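Source file: structure_34.txt (compact mmCIF, C-alpha atoms)
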```txt
# COMPACT_ATOMS: atom_id res chain seq x y z
CA MET A 1 102.68 116.65 84.40
CA THR A 2 99.47 114.77 83.71
CA TYR A 3 98.92 111.05 84.03
CA TRP A 4 98.75 110.76 80.22
CA ALA A 5 102.12 112.50 79.82
CA LEU A 6 103.66 110.19 82.42
CA ASN A 7 102.19 107.19 80.59
CA ALA A 8 103.72 108.34 77.31
CA VAL A 9 107.17 108.46 78.94
CA PHE A 10 106.88 104.77 79.79
CA LEU A 11 104.72 103.49 76.93
CA ILE A 12 107.04 104.76 74.21
CA PRO A 13 110.16 102.89 75.43
CA ALA A 14 108.02 99.77 75.90
CA ALA A 15 106.83 100.05 72.31
CA VAL A 16 110.40 100.60 71.09
CA VAL A 17 111.61 97.42 72.81
CA CYS A 18 108.80 95.43 71.23
CA LEU A 19 109.35 96.90 67.76
CA LEU A 20 113.07 96.14 68.04
CA ALA A 21 112.31 92.52 68.93
CA PHE A 22 110.05 92.15 65.90
CA TRP A 23 112.48 93.96 63.62
CA LEU A 24 115.27 91.56 64.59
CA ARG A 25 112.96 88.66 63.75
CA ARG A 26 111.60 90.09 60.56
CA ARG A 27 112.80 87.07 58.57
CA ALA A 28 111.03 84.58 60.82
CA LYS A 29 107.67 85.60 59.47
CA SER A 30 105.48 82.81 60.78
CA ALA A 31 106.96 83.00 64.31
CA ALA A 32 106.55 86.77 64.32
CA ALA A 33 102.95 86.45 63.18
CA ALA A 34 102.25 83.98 65.98
CA ALA A 35 103.85 86.33 68.52
CA LEU A 36 101.82 89.26 67.21
CA THR A 37 98.61 87.24 67.45
CA ALA A 38 99.50 86.26 71.01
CA ILE A 39 100.22 89.87 71.98
CA GLY A 40 96.87 90.99 70.60
CA GLN A 41 94.96 88.25 72.39
CA SER A 42 96.87 88.80 75.64
CA ALA A 43 96.11 92.51 75.44
CA ALA A 44 92.39 91.82 75.05
CA VAL A 45 92.35 89.54 78.11
CA LEU A 46 94.55 91.78 80.25
CA LEU A 47 92.67 94.99 79.40
CA ALA A 48 89.35 93.33 80.19
CA LEU A 49 90.68 92.02 83.51
CA THR A 50 92.07 95.46 84.33
CA CYS A 51 88.70 97.12 83.72
CA ILE A 52 87.14 94.73 86.22
CA PHE A 53 89.80 94.50 88.90
CA ASP A 54 90.96 98.11 88.82
CA ASN A 55 87.40 99.00 89.76
CA VAL A 56 87.46 96.38 92.52
CA MET A 57 90.76 97.76 93.86
CA ILE A 58 89.53 101.36 93.78
CA ALA A 59 86.28 100.33 95.45
CA ALA A 60 88.35 98.57 98.12
CA GLY A 61 90.05 101.90 98.76
CA LEU A 62 93.58 100.79 97.94
CA PHE A 63 94.57 104.00 96.20
CA SER A 64 93.27 107.29 94.89
CA TYR A 65 94.25 109.80 92.23
CA GLY A 66 95.36 113.39 92.26
CA ALA A 67 92.52 115.57 91.04
CA GLY A 68 93.60 117.60 88.05
CA ARG A 69 96.25 115.08 87.02
CA ILE A 70 93.85 112.66 85.40
CA SER A 71 91.78 113.37 82.32
CA GLY A 72 88.52 112.43 83.98
CA ALA A 73 87.68 109.77 81.41
CA ARG A 74 86.72 106.72 83.40
CA ILE A 75 85.59 103.13 82.99
CA GLY A 76 83.40 102.80 86.03
CA GLN A 77 85.60 104.22 88.77
CA ALA A 78 88.89 103.47 87.01
CA PRO A 79 90.64 106.28 85.16
CA LEU A 80 91.16 105.40 81.49
CA GLU A 81 94.87 106.13 82.03
CA ASP A 82 95.23 103.03 84.18
CA LEU A 83 94.91 100.88 81.06
CA ALA A 84 98.41 102.02 80.10
CA TYR A 85 99.87 99.59 82.66
CA PRO A 86 98.48 96.36 81.17
CA LEU A 87 99.12 97.72 77.69
CA ALA A 88 102.78 98.29 78.52
CA ALA A 89 102.97 94.85 80.13
CA VAL A 90 101.81 93.00 77.01
CA VAL A 91 104.12 95.03 74.79
CA LEU A 92 107.32 95.32 76.86
CA LEU A 93 107.50 91.86 78.41
CA PRO A 94 106.94 89.77 75.28
CA GLY A 95 109.38 92.12 73.55
CA LEU A 96 112.02 91.39 76.18
CA TRP A 97 111.17 87.69 76.05
CA LEU A 98 111.80 87.62 72.30
CA LEU A 99 114.98 89.72 72.59
CA LEU A 100 116.36 87.31 75.20
CA SER A 101 115.51 84.29 73.10
CA PRO A 102 118.17 81.58 73.31
CA ARG A 103 117.81 81.05 69.59
CA PRO A 104 120.68 82.85 67.93
CA LEU A 105 119.72 85.06 65.08
CA ARG A 106 120.87 83.94 61.66
CA PRO A 107 124.60 84.68 61.53
CA ARG A 108 125.66 86.73 58.54
CA THR A 109 128.55 84.37 57.76
CA ASN A 110 126.05 81.73 56.78
CA SER A 111 124.88 83.79 53.86
CA VAL A 112 127.23 81.75 51.63
CA LEU A 113 124.79 78.90 52.11
CA PRO A 114 121.49 80.60 51.54
CA ALA A 115 118.39 78.78 52.58
CA PRO A 116 116.31 77.68 49.62
CA GLU A 117 113.92 80.24 48.32
CA GLY A 118 110.58 80.17 50.06
CA SER A 119 111.71 78.18 53.07
CA ALA A 120 109.78 79.23 56.12
CA ASP A 121 111.70 80.42 59.09
CA GLU A 122 110.09 79.46 62.27
CA MET B 123 97.04 96.40 109.64
CA GLY B 124 95.69 93.62 107.50
CA PHE B 125 96.85 90.90 105.24
CA LEU B 126 93.82 90.44 103.00
CA TYR B 127 95.19 92.18 99.91
CA LEU B 128 98.61 90.53 100.23
CA ALA B 129 96.94 87.14 100.69
CA VAL B 130 94.80 87.64 97.57
CA LEU B 131 97.87 88.61 95.57
CA LEU B 132 99.87 85.61 96.80
CA LEU B 133 96.96 83.29 96.03
CA SER B 134 96.73 84.73 92.51
CA LEU B 135 100.48 84.38 92.04
CA SER B 136 100.40 80.76 93.14
CA GLY B 137 97.59 80.06 90.68
CA LEU B 138 99.66 81.51 87.86
CA THR B 139 102.67 79.51 88.98
CA MET B 140 100.62 76.32 88.86
CA LEU B 141 99.50 77.09 85.31
CA ASP B 142 103.12 77.82 84.42
CA TRP B 143 104.19 74.48 85.92
CA ARG B 144 101.37 72.53 84.32
CA TYR B 145 101.92 73.89 80.83
CA ARG B 146 105.68 74.68 80.99
CA LEU B 147 105.14 78.26 79.85
CA PHE B 148 107.41 80.83 81.47
CA PHE B 149 109.65 80.01 84.45
CA PHE B 150 109.09 76.32 83.81
CA SER B 151 110.26 76.56 80.23
CA HIS B 152 113.15 79.07 80.38
CA PRO B 153 113.93 79.95 84.03
CA VAL B 154 116.83 82.37 83.49
CA ARG B 155 115.16 84.18 80.63
CA ALA B 156 111.92 84.38 82.63
CA ALA B 157 113.73 85.75 85.70
CA LEU B 158 115.38 88.45 83.58
CA VAL B 159 112.13 89.45 81.90
CA LEU B 160 110.30 89.55 85.22
CA ALA B 161 113.05 91.54 86.97
CA ILE B 162 113.23 94.13 84.19
CA GLY B 163 109.45 94.30 83.98
CA VAL B 164 108.92 94.79 87.71
CA GLY B 165 111.72 97.37 87.82
CA PHE B 166 110.12 99.23 84.92
CA PHE B 167 106.73 99.35 86.63
CA LEU B 168 108.23 100.33 89.99
CA ALA B 169 109.90 103.27 88.25
CA TRP B 170 106.55 104.15 86.66
CA ASP B 171 104.81 103.97 90.03
CA SER B 172 107.50 106.03 91.73
CA ALA B 173 107.27 108.71 89.06
CA GLY B 174 103.49 108.80 89.44
CA ILE B 175 103.80 109.07 93.21
CA GLY B 176 106.45 111.79 92.88
CA LEU B 177 104.20 113.72 90.52
CA GLN B 178 101.29 113.28 92.96
CA ILE B 179 99.22 111.45 90.37
CA PHE B 180 98.30 108.62 92.69
CA PHE B 181 98.23 108.10 96.41
CA ARG B 182 98.16 105.12 98.67
CA ALA B 183 95.00 105.07 100.69
CA GLU B 184 94.85 104.03 104.31
CA THR B 185 92.89 100.82 104.47
CA GLY B 186 92.48 97.96 106.84
CA ILE B 187 93.34 95.31 104.26
CA MET B 188 97.00 96.26 103.68
CA THR B 189 99.93 95.52 105.95
CA GLY B 190 101.01 99.16 106.09
CA VAL B 191 104.58 98.18 105.26
CA LEU B 192 106.01 100.73 102.84
CA LEU B 193 108.88 100.21 100.39
CA ALA B 194 109.07 103.97 99.82
CA PRO B 195 106.78 106.86 100.68
CA GLU B 196 103.30 106.02 99.36
CA LEU B 197 104.59 102.74 97.86
CA PRO B 198 103.19 99.80 99.81
CA LEU B 199 104.78 96.37 99.97
CA GLU B 200 101.72 94.98 98.22
CA GLU B 201 102.49 96.98 95.09
CA LEU B 202 105.63 94.91 94.52
CA PHE B 203 103.50 91.76 94.52
CA PHE B 204 100.84 93.37 92.36
CA LEU B 205 103.41 94.37 89.73
CA THR B 206 104.97 90.91 89.85
CA PHE B 207 101.50 89.46 89.34
CA LEU B 208 100.79 91.81 86.42
CA CYS B 209 104.08 90.89 84.71
CA GLN B 210 103.66 87.18 85.31
CA LEU B 211 100.05 87.21 84.11
CA ALA B 212 101.08 89.03 80.94
CA MET B 213 103.81 86.47 80.24
CA VAL B 214 101.73 83.39 81.07
CA LEU B 215 99.05 84.69 78.70
CA PHE B 216 101.58 85.56 76.02
CA THR B 217 103.51 82.28 76.14
CA ALA B 218 100.32 80.20 76.23
CA LEU B 219 98.68 82.09 73.37
CA SER B 220 101.93 82.06 71.36
CA ARG B 221 102.07 78.32 71.64
CA ARG B 222 98.45 78.01 70.56
CA ALA B 223 99.09 80.31 67.59
CA GLN B 224 102.06 78.17 66.55
CA THR B 225 100.94 74.63 67.32
CA GLY B 226 97.19 74.91 67.68
CA SER B 227 97.35 73.71 71.27
CA PHE B 228 98.17 75.06 74.73
CA LYS B 229 99.88 71.80 75.60
CA PRO B 230 103.66 71.62 75.48
CA ALA B 231 105.22 69.58 72.71
CA PRO B 232 106.49 66.12 73.62
CA PRO B 233 109.97 66.44 75.16
CA ALA B 234 111.79 64.80 72.26
CA ALA B 235 110.55 67.38 69.81
CA GLU B 236 110.86 70.43 72.03
CA VAL B 237 114.15 69.80 73.78
CA ALA B 238 116.17 69.12 70.67
CA PRO B 239 119.69 70.19 71.62
CA PRO B 240 120.79 73.39 69.95
CA GLY B 241 123.24 72.52 67.23
CA ALA B 242 121.49 69.34 66.28
CA GLY B 243 120.07 71.13 63.34
CA ALA B 244 119.75 68.17 61.04
CA PRO B 245 116.40 67.80 59.38
CA MET B 246 114.35 65.59 61.60
CA SER B 247 112.80 62.61 59.97
CA ALA B 248 113.77 63.53 56.45
CA THR B 249 117.44 62.78 57.14
CA GLU B 250 117.37 59.10 56.43
CA LEU B 251 115.23 59.34 53.35
CA THR B 252 117.00 62.16 51.58
CA PRO B 253 120.53 62.95 52.63
CA PRO B 254 120.76 66.72 52.71
CA ALA B 255 123.28 67.14 49.95
CA THR B 256 122.53 70.77 49.36
CA ALA B 257 120.55 71.54 52.45
CA ALA B 258 123.54 72.12 54.77
CA PRO B 259 121.30 72.97 57.68
CA LEU B 260 122.46 76.08 59.44
CA PRO B 261 123.78 74.94 62.79
CA ALA B 262 122.47 76.08 66.11
CA MET B 263 119.52 77.91 64.70
CA GLY B 264 117.07 75.94 66.73
CA LEU B 265 114.55 76.67 64.05
CA THR B 266 112.56 74.42 61.83
CA PRO B 267 115.12 73.16 59.34
CA PRO B 268 114.78 74.60 55.87
CA ALA B 269 113.08 72.31 53.45
CA THR B 270 115.05 71.36 50.38
CA GLU B 271 113.38 71.12 47.02
CA ALA B 272 114.00 67.37 46.97
CA ALA B 273 112.75 66.76 50.46
CA PRO B 274 109.18 65.69 51.10
CA ALA B 275 106.80 67.99 52.89
CA PRO B 276 108.56 69.39 55.95
CA SER B 277 107.69 67.58 59.12
CA ARG B 278 106.14 69.79 61.72
CA GLU B 279 107.42 69.60 65.24
CA GLY B 280 105.03 67.68 67.41
CA SER B 281 102.05 69.70 66.31
CA ALA B 282 98.74 68.04 65.81
```
Can you present the structure in this file as C-alpha cells?
Amino acid sequence: MTYWALNAVFLIPAAVVCLLAFWLRRRAKSAAAAALTAIGQSAAVLLALTCIFDNVMIAAGLFSYGAGRISGARIGQAPLEDLAYPLAAVVLLPGLWLLLSPRPLRPRTNSVLPAPEGSADE
Amino acid sequence: MGFLYLAVLLLSLSGLTMLDWRYRLFFFSHPVRAALVLAIGVGFFLAWDSAGIGLQIFFRAETGIMTGVLLAPELPLEELFFLTFLCQLAMVLFTALSRRAQTGSFKPAPPAAEVAPPGAGAPMSATELTPPATAAPLPAMGLTPPATEAAPAPSREGSA
C-alpha cells in the first residue's frame, strides 16, 4: 500500500465528517460561509507552515520514509504526501467542532412557527 | 537521549495555549467540546501514524534530540505532542479566523453579548420597542433572533 492510498483511507472519512457538519447547518448560510472561509484560510496557513517545518524536521533527522512507498514528488525534502496531515486536520477538526456545537439544531416541531421569509440564520 | 524536540513542542504548545487564553478561542471558550475534538483528532492521527508505521511507509530515525521513549514500535513519545500541537494549531487558526469572518475582528465579543444564556432567545434590544407579537423567537437556538418585518434593522451582536 502506498502512502497516497493510506492517505485516502484517512482523508475520505475526514471529508465526510466535515461535509456532514456543513449539511446539518445548511440553513445557517452566513455561519456556514464564515466557517468555510475560516477553513480555507486555516488550510493556507497550515499547509505553508507544514512545507517549512516538515523540511526542518526531516533535516533534523526525526524520521524517514520507506523507499517505494512514496510517490517521489517532494517539496524540498518533504514528500508531497505529508501535506495530507494538515489538510485532514483543517477538515476533520472544524467538522467535529461544528458537529459538537452546543447550539441545538432547529427542532422540527417549531415548523408551526416558521421564521419570517428571508431571516438570516446565524 | 535528548529533550530538544520535546522542549520545542512544549514551547509551541504553550504559545498556542496563551493565544487561546488571550482570545478565548478553543479550550478557553468551550472546554468540554475542545477536549472532545482534540481527543478524537489526536486518536485519528495516531491511528494514521500507526497504519503508516505498520505499512513501513515511515520510520523513526535515531537522533540525539529525542528522548527515545516509545509509545509503540517506531512511535516516539514526541509524536503524541506533535499531533496534539497539529490539532490545536488547526483549531486555534480555525476558531480565530471564523470569528474574524463573522465579526470582522479576532477579539472576543463583550461578555454580555457572547454569554447570553441559551433559552433567552428574546430579540435583544428590539424587545422594548416592538413587542414580538408574531416573532415568537424560537427558544434555545442561541442564534441571532429572526428579524420581524415590523422590527427595525436587526442588531448585530457586539460586532463593530
All residues 12 Å or closer to stretch 69-80 of chain A, all atoms listed in the file, same chain fewer than 3 positions away omitted, as a ChimeraX atom specification = /A:1-7,47-48,50-61,63-66,83-87 /B:174-175,177-181
### Message
Considering only C-alpha atoms, can you say which of B:Met140, B:Leu147, B:Leu192, B:Leu131 comes closest to B:Leu215?
### Response
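Smallest separation from B:Leu215 among the options: B:Leu147.
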Just want the 9 Å neighbourhood of A:Ser42, counted on all atoms listed in the file, with same-chain residues fewer than 6 positions away dropped. Output as a list of chain:residue names.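 Within the cut-off, the hits are A:Val90, B:Ala212, B:Met213, B:Leu215, B:Phe216, B:Leu219.
From atom CA of B:Thr139 back to atom CA of A:Val45, the distance works out to 18.0 Å.
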For chain A, which residue out of B:Ala231, B:Arg222, B:Leu133, B:Phe125 is the nearest one, using only C-alpha atoms?
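Of the candidates, the smallest distance to chain A is held by B:Arg222.
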Env of B:Leu141: 10 Å cut, atoms = only C-alpha atoms, seq-sep filter 5 positions within chain, self excluded. Answer as a ChimeraX atom specification.
/B:135-136,146-148,150,214,218
May I have the selected residues written with C-alpha atoms, as a PDB file, in the frame of the given file?
```
ATOM      1  CA  LEU B 135     100.480  84.380  92.040  1.00  0.00           C
ATOM      2  CA  SER B 136     100.400  80.760  93.140  1.00  0.00           C
ATOM      3  CA  ARG B 146     105.680  74.680  80.990  1.00  0.00           C
ATOM      4  CA  LEU B 147     105.140  78.260  79.850  1.00  0.00           C
ATOM      5  CA  PHE B 148     107.410  80.830  81.470  1.00  0.00           C
ATOM      6  CA  PHE B 150     109.090  76.320  83.810  1.00  0.00           C
ATOM      7  CA  VAL B 214     101.730  83.390  81.070  1.00  0.00           C
ATOM      8  CA  ALA B 218     100.320  80.200  76.230  1.00  0.00           C
TER       9      ALA B 218
END
```
Closest of A:Leu62, A:Cys18, A:Ala8, A:Leu98 to chain B, counting only C-alpha atoms, is A:Leu62
Nearest to chain A, restricted to only C-alpha atoms and choosing among B:Ser172, B:Thr217, B:Thr189, B:Thr206, comes out as B:Thr217
Report, in Å with one decimal, the straight-line distance from atom CA of B:Leu132 to atom CA of B:Leu205.
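Interatomic distance here is 11.8 Å.
If you look at atom CA of A:Ala34 and atom CA of B:Ala223, they are 5.1 Å away from each other.
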Residues near B:Gly190, cut-off 9 Å, only C-alpha atoms, skip fewer than 3 positions along chain, as an NGL selection string | :B and (123-124 or 184-187 or 198-200)
Restricting to only C-alpha atoms, whichever of A:Val9, A:Ala38, A:Trp23, A:Ala15 is closest to A:Ala88 is A:Ala15
